[in-house]
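target-v4.pdb, holding PDB, C-alpha atoms:
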```
ATOM      1  CA  MET A   1     -10.211 -38.573  -8.743
ATOM      2  CA  THR A   2     -12.909 -36.746 -10.678
ATOM      3  CA  VAL A   3     -12.179 -34.157 -13.364
ATOM      4  CA  VAL A   4     -13.318 -31.376 -11.045
ATOM      5  CA  GLY A   5     -11.002 -32.730  -8.339
ATOM      6  CA  VAL A   6      -8.055 -32.689 -10.729
ATOM      7  CA  ILE A   7      -8.818 -29.113 -11.825
ATOM      8  CA  GLY A   8      -9.096 -28.153  -8.143
ATOM      9  CA  ALA A   9      -5.735 -29.702  -7.329
ATOM     10  CA  ALA A  10      -4.166 -27.981 -10.357
ATOM     11  CA  LEU A  11      -5.472 -24.607  -9.213
ATOM     12  CA  VAL A  12      -4.043 -25.119  -5.707
ATOM     13  CA  VAL A  13      -0.659 -26.072  -7.167
ATOM     14  CA  ALA A  14      -0.810 -23.063  -9.527
ATOM     15  CA  GLY A  15      -1.412 -20.761  -6.566
ATOM     16  CA  VAL A  16       1.672 -21.823  -4.601
ATOM     17  CA  PRO A  17       4.352 -20.129  -6.795
ATOM     18  CA  PHE A  18       2.656 -16.751  -6.282
ATOM     19  CA  PHE A  19       3.155 -17.073  -2.506
ATOM     20  CA  LEU A  20       6.737 -18.140  -3.172
ATOM     21  CA  PHE A  21       7.398 -15.044  -5.317
ATOM     22  CA  GLY A  22       5.732 -12.815  -2.727
ATOM     23  CA  THR A  23       8.083 -14.139  -0.051
ATOM     24  CA  LEU A  24      11.060 -13.953  -2.410
ATOM     25  CA  GLY A  25      10.164 -10.306  -3.065
ATOM     26  CA  LEU A  26      10.020  -9.647   0.668
ATOM     27  CA  LEU A  27      13.575 -10.950   0.977
ATOM     28  CA  ARG A  28      15.115  -9.602  -2.233
ATOM     29  CA  LEU A  29      13.549  -6.229  -2.987
ATOM     30  CA  PRO A  30      15.408  -3.160  -1.714
ATOM     31  CA  ASP A  31      12.870  -1.042   0.227
ATOM     32  CA  THR A  32       9.548  -1.047   2.120
ATOM     33  CA  TYR A  33       7.567   0.141  -0.888
ATOM     34  CA  SER A  34       8.730  -2.451  -3.405
ATOM     35  CA  ARG A  35       8.377  -5.236  -0.814
ATOM     36  CA  LEU A  36       4.758  -4.181  -0.291
ATOM     37  CA  HIS A  37       4.247  -4.380  -4.068
ATOM     38  CA  ALA A  38       5.467  -7.981  -4.136
ATOM     39  CA  LEU A  39       3.508  -9.144  -1.079
ATOM     40  CA  ALA A  40       0.134  -7.575  -1.838
ATOM     41  CA  LYS A  41       0.002  -8.610  -5.479
ATOM     42  CA  GLY A  42       1.413 -12.113  -5.058
ATOM     43  CA  ASP A  43      -0.849 -13.113  -2.180
ATOM     44  CA  ASN A  44      -3.921 -11.747  -3.927
ATOM     45  CA  VAL A  45      -3.646 -14.149  -6.872
ATOM     46  CA  GLY A  46      -2.025 -16.980  -4.879
ATOM     47  CA  LEU A  47      -4.771 -17.172  -2.273
ATOM     48  CA  GLY A  48      -7.456 -16.693  -4.937
ATOM     49  CA  LEU A  49      -6.247 -19.764  -6.828
ATOM     50  CA  VAL A  50      -5.822 -21.851  -3.653
ATOM     51  CA  CYS A  51      -9.323 -20.957  -2.398
ATOM     52  CA  LEU A  52     -10.904 -21.642  -5.774
ATOM     53  CA  GLY A  53      -9.082 -24.973  -6.043
ATOM     54  CA  LEU A  54     -10.066 -26.059  -2.530
ATOM     55  CA  GLY A  55     -13.649 -24.973  -3.211
ATOM     56  CA  LEU A  56     -13.813 -27.157  -6.323
ATOM     57  CA  GLN A  57     -12.347 -30.093  -4.419
ATOM     58  CA  SER A  58     -14.853 -29.711  -1.581
ATOM     59  CA  GLY A  59     -17.750 -30.277  -3.991
ATOM     60  CA  SER A  60     -19.984 -28.033  -1.864
ATOM     61  CA  VAL A  61     -21.368 -24.676  -2.990
ATOM     62  CA  LEU A  62     -21.535 -23.341   0.582
ATOM     63  CA  VAL A  63     -17.899 -24.256   1.279
ATOM     64  CA  THR A  64     -16.780 -22.743  -2.045
ATOM     65  CA  LEU A  65     -18.609 -19.488  -1.270
ATOM     66  CA  LYS A  66     -17.110 -19.463   2.242
ATOM     67  CA  LEU A  67     -13.610 -19.834   0.786
ATOM     68  CA  LEU A  68     -14.314 -17.043  -1.701
ATOM     69  CA  MET A  69     -15.492 -14.879   1.191
ATOM     70  CA  ILE A  70     -12.207 -15.596   2.996
ATOM     71  CA  TRP A  71     -10.357 -14.518  -0.167
ATOM     72  CA  VAL A  72     -12.317 -11.260  -0.418
ATOM     73  CA  LEU A  73     -11.764 -10.479   3.287
ATOM     74  CA  MET A  74      -8.055 -11.167   2.844
ATOM     75  CA  LEU A  75      -7.997  -8.848  -0.189
ATOM     76  CA  ILE A  76      -9.532  -6.045   1.859
ATOM     77  CA  ALA A  77      -7.056  -6.631   4.703
ATOM     78  CA  SER A  78      -4.082  -6.905   2.358
ATOM     79  CA  ALA A  79      -4.931  -3.829   0.258
ATOM     80  CA  THR A  80      -5.722  -1.720   3.336
ATOM     81  CA  GLY A  81      -2.690  -2.948   5.265
ATOM     82  CA  ALA A  82      -0.307  -2.287   2.375
ATOM     83  CA  GLY A  83      -1.792   1.198   1.931
ATOM     84  CA  LEU A  84      -1.517   2.047   5.630
ATOM     85  CA  ILE A  85       2.102   0.905   5.863
ATOM     86  CA  ALA A  86       3.056   2.735   2.642
ATOM     87  CA  ARG A  87       1.328   5.990   3.613
ATOM     88  CA  THR A  88       2.814   5.912   7.124
ATOM     89  CA  ALA A  89       6.286   5.188   5.748
ATOM     90  CA  LEU A  90       6.167   8.168   3.366
ATOM     91  CA  ALA A  91       4.675  10.473   6.001
ATOM     92  CA  ARG A  92       7.547   9.557   8.314
ATOM     93  CA  GLY A  93      10.065  10.399   5.619
ATOM     94  CA  VAL A  94      11.145   6.908   4.515
ATOM     95  CA  LYS A  95      12.669   7.602   1.088
ATOM     96  CA  PRO A  96      11.851   5.185  -1.741
ATOM     97  CA  HIS A  97      14.918   3.338  -3.032
ATOM     98  CA  GLY A  98      16.484   4.954  -6.108
ATOM     99  CA  LEU A  99      14.703   8.311  -5.774
TER     100      LEU A  99
ATOM    101  CA  MET B   1       8.376  17.257   0.889
ATOM    102  CA  VAL B   2       5.374  15.626   2.520
ATOM    103  CA  ALA B   3       2.207  17.664   2.135
ATOM    104  CA  PRO B   4      -0.300  17.533   4.974
ATOM    105  CA  THR B   5      -2.977  14.939   4.466
ATOM    106  CA  HIS B   6      -6.415  16.153   5.394
ATOM    107  CA  GLY B   7     -10.067  15.619   4.654
ATOM    108  CA  LEU B   8     -10.215  11.965   3.727
ATOM    109  CA  ASP B   9      -8.191  10.688   6.650
ATOM    110  CA  GLN B  10     -10.277  12.499   9.255
ATOM    111  CA  PRO B  11     -13.736  10.957   9.295
ATOM    112  CA  ALA B  12     -16.075  13.533  10.813
ATOM    113  CA  ASN B  13     -19.025  11.157  10.788
ATOM    114  CA  THR B  14     -17.694   8.322  12.909
ATOM    115  CA  PRO B  15     -20.302   6.959  15.333
ATOM    116  CA  GLY B  16     -18.415   8.640  18.195
ATOM    117  CA  ALA B  17     -18.502  12.070  16.556
ATOM    118  CA  VAL B  18     -22.167  11.783  15.580
ATOM    119  CA  ILE B  19     -23.210  10.592  19.052
ATOM    120  CA  GLN B  20     -21.386  13.582  20.540
ATOM    121  CA  ARG B  21     -23.275  15.948  18.234
ATOM    122  CA  ALA B  22     -26.766  14.434  18.128
ATOM    123  CA  GLY B  23     -26.949  12.243  21.236
ATOM    124  CA  LEU B  24     -27.534   8.507  21.246
ATOM    125  CA  ASN B  25     -31.168   8.721  20.129
ATOM    126  CA  GLY B  26     -30.334  11.004  17.250
ATOM    127  CA  TRP B  27     -27.635   8.649  16.129
ATOM    128  CA  LEU B  28     -29.928   5.615  16.293
ATOM    129  CA  ARG B  29     -32.533   7.517  14.254
ATOM    130  CA  SER B  30     -29.957   8.468  11.653
ATOM    131  CA  GLN B  31     -29.002   4.804  11.253
ATOM    132  CA  LYS B  32     -32.446   3.918   9.992
ATOM    133  CA  ARG B  33     -32.783   6.768   7.523
ATOM    134  CA  GLY B  34     -32.156   5.699   3.929
ATOM    135  CA  SER B  35     -29.322   3.463   4.899
ATOM    136  CA  GLY B  36     -30.333   0.119   3.425
ATOM    137  CA  LEU B  37     -31.256  -1.723   6.626
ATOM    138  CA  ALA B  38     -32.973  -4.501   4.663
ATOM    139  CA  LEU B  39     -29.962  -4.917   2.400
ATOM    140  CA  ARG B  40     -27.613  -5.190   5.387
ATOM    141  CA  LEU B  41     -29.908  -7.753   7.059
ATOM    142  CA  ALA B  42     -29.907  -9.905   3.908
ATOM    143  CA  PHE B  43     -26.156  -9.529   3.395
ATOM    144  CA  TYR B  44     -25.246 -10.394   6.994
ATOM    145  CA  ALA B  45     -27.661 -13.347   6.949
ATOM    146  CA  LEU B  46     -25.828 -14.647   3.861
ATOM    147  CA  ILE B  47     -22.483 -14.288   5.652
ATOM    148  CA  TRP B  48     -23.873 -16.153   8.659
ATOM    149  CA  LEU B  49     -25.201 -18.907   6.404
ATOM    150  CA  LEU B  50     -21.750 -19.299   4.849
ATOM    151  CA  LEU B  51     -19.912 -19.230   8.189
ATOM    152  CA  THR B  52     -22.134 -21.886   9.753
ATOM    153  CA  ARG B  53     -22.667 -23.935   6.557
ATOM    154  CA  GLY B  54     -26.408 -23.674   7.050
ATOM    155  CA  ASP B  55     -26.584 -25.366  10.464
ATOM    156  CA  PRO B  56     -30.221 -24.683  11.570
ATOM    157  CA  GLY B  57     -29.339 -24.597  15.295
ATOM    158  CA  SER B  58     -26.907 -21.731  14.740
ATOM    159  CA  TRP B  59     -29.707 -19.260  13.873
ATOM    160  CA  LEU B  60     -30.641 -19.105  17.570
ATOM    161  CA  TRP B  61     -27.498 -17.021  18.027
ATOM    162  CA  GLY B  62     -27.268 -15.841  14.458
ATOM    163  CA  LEU B  63     -30.520 -13.910  14.205
ATOM    164  CA  PRO B  64     -29.904 -11.600  17.206
ATOM    165  CA  ALA B  65     -26.296 -11.077  16.100
ATOM    166  CA  ILE B  66     -27.392 -10.198  12.553
ATOM    167  CA  ALA B  67     -30.100  -7.836  13.824
ATOM    168  CA  VAL B  68     -27.707  -5.960  16.105
ATOM    169  CA  ALA B  69     -24.958  -5.785  13.470
ATOM    170  CA  ALA B  70     -27.395  -4.534  10.809
ATOM    171  CA  LEU B  71     -28.490  -1.694  13.068
ATOM    172  CA  PHE B  72     -25.037  -0.158  12.705
ATOM    173  CA  ASN B  73     -24.539   1.463   9.341
ATOM    174  CA  PRO B  74     -20.868   1.317   8.387
ATOM    175  CA  PHE B  75     -21.385   4.151   5.878
ATOM    176  CA  GLU B  76     -22.445   7.733   6.359
ATOM    177  CA  PRO B  77     -26.245   7.555   6.680
ATOM    178  CA  SER B  78     -26.687  10.784   4.712
ATOM    179  CA  HIS B  79     -24.879   9.322   1.718
ATOM    180  CA  ARG B  80     -26.770   6.871  -0.465
ATOM    181  CA  TRP B  81     -24.693   4.301  -2.303
ATOM    182  CA  ARG B  82     -26.000   3.096  -5.623
ATOM    183  CA  LEU B  83     -24.390   0.034  -7.113
ATOM    184  CA  SER B  84     -24.825  -0.861 -10.758
ATOM    185  CA  PRO B  85     -24.867  -4.682 -11.206
ATOM    186  CA  ALA B  86     -23.422  -4.454 -14.739
ATOM    187  CA  GLY B  87     -20.792  -2.045 -13.422
ATOM    188  CA  LEU B  88     -19.930  -4.491 -10.643
ATOM    189  CA  LEU B  89     -19.381  -7.240 -13.233
ATOM    190  CA  ARG B  90     -17.212  -4.958 -15.388
ATOM    191  CA  PHE B  91     -15.192  -4.006 -12.314
ATOM    192  CA  SER B  92     -14.775  -7.651 -11.203
ATOM    193  CA  TRP B  93     -13.554  -8.694 -14.639
ATOM    194  CA  LEU B  94     -11.032  -5.839 -14.883
ATOM    195  CA  PHE B  95      -9.931  -6.539 -11.293
ATOM    196  CA  LEU B  96      -9.237 -10.214 -12.073
ATOM    197  CA  GLN B  97      -7.364  -9.339 -15.272
ATOM    198  CA  LEU B  98      -5.173  -6.718 -13.610
ATOM    199  CA  SER B  99      -4.612  -8.935 -10.536
ATOM    200  CA  VAL B 100      -3.065 -11.715 -12.588
ATOM    201  CA  GLN B 101      -1.085  -9.196 -14.631
ATOM    202  CA  GLY B 102       0.137  -7.556 -11.403
ATOM    203  CA  ALA B 103       1.189 -10.823  -9.770
ATOM    204  CA  LEU B 104       3.102 -11.989 -12.868
ATOM    205  CA  ASP B 105       4.688  -8.545 -13.278
ATOM    206  CA  THR B 106       5.983  -8.367  -9.686
ATOM    207  CA  ALA B 107       7.190 -11.978  -9.824
ATOM    208  CA  TRP B 108       9.182 -11.141 -12.990
ATOM    209  CA  ARG B 109      10.710  -8.040 -11.367
ATOM    210  CA  THR B 110      11.532  -9.959  -8.176
ATOM    211  CA  LEU B 111      13.681 -12.358 -10.177
ATOM    212  CA  ASN B 112      16.007  -9.558 -11.240
ATOM    213  CA  PRO B 113      15.338  -6.471  -9.139
ATOM    214  CA  ARG B 114      18.539  -4.631 -10.118
ATOM    215  CA  GLN B 115      17.545  -4.337 -13.748
ATOM    216  CA  ARG B 116      13.797  -4.524 -13.609
ATOM    217  CA  LEU B 117      12.949  -2.122 -10.788
ATOM    218  CA  THR B 118      12.419   1.460 -11.988
ATOM    219  CA  PRO B 119      10.799   3.175  -8.996
ATOM    220  CA  ALA B 120       9.011   6.508  -9.347
ATOM    221  CA  LEU B 121       6.543   8.632  -7.405
ATOM    222  CA  VAL B 122       3.604   9.791  -9.520
ATOM    223  CA  ASP B 123       0.805  12.183  -8.568
ATOM    224  CA  TYR B 124      -2.605  11.094  -9.791
ATOM    225  CA  VAL B 125      -5.322  13.773  -9.758
ATOM    226  CA  TRP B 126      -8.733  12.450  -8.673
ATOM    227  CA  ARG B 127     -11.575  12.354 -11.151
ATOM    228  CA  LEU B 128     -13.860  10.581  -8.669
ATOM    229  CA  PRO B 129     -15.809  13.059  -6.526
ATOM    230  CA  PRO B 130     -14.945  13.352  -2.820
ATOM    231  CA  ASN B 131     -16.915  10.812  -0.833
ATOM    232  CA  GLY B 132     -17.199   8.658  -3.948
ATOM    233  CA  GLY B 133     -14.942   5.673  -3.721
ATOM    234  CA  ARG B 134     -11.585   7.466  -3.614
ATOM    235  CA  ILE B 135     -10.400   5.397  -0.655
ATOM    236  CA  PHE B 136     -11.630   2.283  -2.449
ATOM    237  CA  LEU B 137      -9.574   3.181  -5.536
ATOM    238  CA  ALA B 138      -6.529   4.096  -3.412
ATOM    239  CA  ASN B 139      -6.643   0.711  -1.679
ATOM    240  CA  ILE B 140      -7.455  -1.372  -4.738
ATOM    241  CA  ILE B 141      -4.473  -0.045  -6.725
ATOM    242  CA  ASN B 142      -2.218  -1.705  -4.122
ATOM    243  CA  LEU B 143      -3.287  -5.008  -5.686
ATOM    244  CA  MET B 144      -2.850  -3.819  -9.283
ATOM    245  CA  PRO B 145       0.253  -4.076 -11.482
ATOM    246  CA  GLY B 146       3.090  -1.820 -10.380
ATOM    247  CA  THR B 147       1.158   0.679  -8.251
ATOM    248  CA  LEU B 148       1.082   1.426  -4.515
ATOM    249  CA  CYS B 149      -0.739   4.380  -2.971
ATOM    250  CA  VAL B 150       1.614   6.256  -0.653
ATOM    251  CA  ARG B 151      -0.252   9.513  -0.031
ATOM    252  CA  ILE B 152      -3.845  10.746  -0.204
ATOM    253  CA  THR B 153      -4.786  14.428  -0.328
ATOM    254  CA  ASP B 154      -7.964  16.273  -1.268
ATOM    255  CA  ASP B 155      -6.821  16.789  -4.861
ATOM    256  CA  ALA B 156      -4.702  13.786  -5.722
ATOM    257  CA  MET B 157      -3.052  10.629  -4.572
ATOM    258  CA  THR B 158       0.651   9.880  -4.867
ATOM    259  CA  MET B 159       1.535   6.455  -6.209
ATOM    260  CA  HIS B 160       4.778   4.534  -5.924
ATOM    261  CA  THR B 161       5.336   2.704  -9.193
ATOM    262  CA  ILE B 162       7.958   0.068  -9.957
ATOM    263  CA  GLY B 163       7.519  -0.287 -13.711
ATOM    264  CA  ASP B 164       6.416   1.852 -16.636
ATOM    265  CA  SER B 165       4.654   4.652 -14.750
ATOM    266  CA  ARG B 166       2.695   5.824 -17.810
ATOM    267  CA  LEU B 167       1.190   2.363 -18.186
ATOM    268  CA  ALA B 168       0.424   2.328 -14.440
ATOM    269  CA  VAL B 169      -1.395   5.672 -14.689
ATOM    270  CA  ALA B 170      -3.368   4.405 -17.698
ATOM    271  CA  ASN B 171      -4.430   1.318 -15.723
ATOM    272  CA  VAL B 172      -5.474   3.373 -12.696
ATOM    273  CA  SER B 173      -7.410   5.727 -14.942
ATOM    274  CA  ARG B 174      -9.246   2.774 -16.497
ATOM    275  CA  LEU B 175      -9.980   1.381 -13.055
ATOM    276  CA  GLU B 176     -11.248   4.775 -11.860
ATOM    277  CA  SER B 177     -13.706   4.980 -14.784
ATOM    278  CA  VAL B 178     -14.986   1.464 -14.100
ATOM    279  CA  ILE B 179     -15.382   2.185 -10.352
ATOM    280  CA  ALA B 180     -17.262   5.394 -11.191
ATOM    281  CA  GLY B 181     -19.573   3.341 -13.447
ATOM    282  CA  MET B 182     -20.078   0.785 -10.698
ATOM    283  CA  LEU B 183     -21.001   3.477  -8.140
ATOM    284  CA  GLN B 184     -23.008   5.386 -10.771
ATOM    285  CA  GLN B 185     -20.946   8.544 -10.549
ATOM    286  CA  GLN B 186     -19.933  10.897 -13.330
ATOM    287  CA  VAL B 187     -16.255  11.378 -14.158
ATOM    288  CA  ASP B 188     -14.540  12.944 -17.165
ATOM    289  CA  ALA B 189     -13.570  10.540 -19.926
ATOM    290  CA  ASP B 190     -10.197   8.752 -19.921
ATOM    291  CA  GLU B 191      -7.355  10.910 -21.149
TER     292      GLU B 191
END
```
Hey, can you dump this file as structure tokens for me?
Amino acid sequence: MTVVGVIGAALVVAGVPFFLFGTLGLLRLPDTYSRLHALAKGDNVGLGLVCLGLGLQSGSVLVTLKLLMIWVLMLIASATGAGLIARTALARGVKPHGL
Amino acid sequence: MVAPTHGLDQPANTPGAVIQRAGLNGWLRSQKRGSGLALRLAFYALIWLLLTRGDPGSWLWGLPAIAVAALFNPFEPSHRWRLSPAGLLRFSWLFLQLSVQGALDTAWRTLNPRQRLTPALVDYVWRLPPNGGRIFLANIINLMPGTLCVRITDDAMTMHTIGDSRLAVANVSRLESVIAGMLQQQVDADE
């Protein structure tokens, strides 16, 4: 395995715990709002690291850019989705936990 | 408790609304006026290149698809967007920094939510002008440490915070300044 391949694999492995914590947050946190916090932020960094790692392993600039594009599209979807759910929840009177 | 949300959430310049006002021809004309057709063509061609990994045969379908897609301006044609390349770099760097910080912060709170979750609702008054990246800021803070946008009005947005809310406001304020620099808009200095 080349050095770049090893770095790529390390990045993929480093990305996995962020997904794990996002899912853990979904299960453990008390209300809609805090669960959205955990999901949006965890997946952002987790997928970023996985895409970057896979891109390095692929050894192709086009594939790396395509993976980065997937990451950016997912960021847009995740940020917009979290915002829509949060705004709808508050507009419908869902009270944040502890307030 | 919930104030009516207006203005930003009701796009008056959707294609449907414009076609109703100006007719189909008027709308098509407005698409070409100062709306960066060349930039969209180049950008969509790049996306196509990435999607197809540069397969030459794919351009047979790609070119018409790009041309048709580029004809539709996703932004208001009357509004010109100016992007500062240095500002884009500054924004990207701050975004990456805050992303990692945000992911680590939420992971740490998830491990012990009873002690580490201090929820609050905070109103943040816009410094960005209307029509100038407010929605972008409101969405991007959902990925930043400890902030979630839960309401947008003409004057302010309400954020749900799960940590130190003063730190969260400081981060959002920094981000707002950097976004204003990226879009070449004037805002008051950070407080």
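Once the ChimeraX specification (/A :<7) & /B is applied to the depicted file, the selected set reads Val2, Leu50, Leu51, Arg53, Ser99, Val100, Gly102, Ala103, Thr106, Ala107, Thr110, Pro113, Pro119, Ala120, Asn139, Ile140, Asn142, Leu143, Met144, Gly146, Leu148, Cys149, Val150 and Arg151 of chain B.
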Where does the PyMOL selection byres ((chain B and resi 165) around 9) land in this file, that is, which residues does it pick, as a PDB file with C-alpha atoms, in the coordinates of the input?
```pdb
ATOM      1  CA  THR B 118      12.419   1.460 -11.988  1.00  0.00           C
ATOM      2  CA  PRO B 119      10.799   3.175  -8.996  1.00  0.00           C
ATOM      3  CA  ALA B 120       9.011   6.508  -9.347  1.00  0.00           C
ATOM      4  CA  LEU B 121       6.543   8.632  -7.405  1.00  0.00           C
ATOM      5  CA  VAL B 122       3.604   9.791  -9.520  1.00  0.00           C
ATOM      6  CA  GLY B 146       3.090  -1.820 -10.380  1.00  0.00           C
ATOM      7  CA  THR B 147       1.158   0.679  -8.251  1.00  0.00           C
ATOM      8  CA  HIS B 160       4.778   4.534  -5.924  1.00  0.00           C
ATOM      9  CA  THR B 161       5.336   2.704  -9.193  1.00  0.00           C
ATOM     10  CA  ILE B 162       7.958   0.068  -9.957  1.00  0.00           C
ATOM     11  CA  GLY B 163       7.519  -0.287 -13.711  1.00  0.00           C
ATOM     12  CA  ASP B 164       6.416   1.852 -16.636  1.00  0.00           C
ATOM     13  CA  ARG B 166       2.695   5.824 -17.810  1.00  0.00           C
ATOM     14  CA  LEU B 167       1.190   2.363 -18.186  1.00  0.00           C
ATOM     15  CA  ALA B 168       0.424   2.328 -14.440  1.00  0.00           C
ATOM     16  CA  VAL B 169      -1.395   5.672 -14.689  1.00  0.00           C
ATOM     17  CA  ALA B 170      -3.368   4.405 -17.698  1.00  0.00           C
TER      18      ALA B 170
END
```
(request) Work out how far apart atom CA of B:Pro129 and atom CA of B:Gly181 are and give it in Å to one decimal. (result) 12.5 Å
(request) Please indicate the distance in Å from atom CA of B:Asp123 to atom CA of B:Trp93, rounded to one decimal place. (result)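 Atom-to-atom, atom CA of B:Asp123 and atom CA of B:Trp93 are spaced 26.1 Å apart.
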(request) Please indicate the distance in Å from atom CA of B:Asn131 to atom CA of B:Asn73, rounded to one decimal place. (result)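 We find that atom CA of B:Asn131 and atom CA of B:Asn73 lie 15.8 Å from each other.
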(message) When you look at stretch 83-87 of chain B with a cut-off of 12 Å (counting only C-alpha atoms), what residues show up, excluding the ones that are within fewer than 4 positions of it in the same chain? I need them as JSON, numbers by chain.
(response) {"B": [91, 92, 93, 94, 95, 132, 133, 175, 176, 177, 178, 179, 180, 181, 182, 183, 184, 185]}
(message) To test your reading of the syntax: which residues would the PyMOL selection byres ((chain A and resi 51-53) around 6) return for the file shown? Reply as a ChimeraX atom specification.
(response) /A:8-9,11-12,47-50,54-56,67
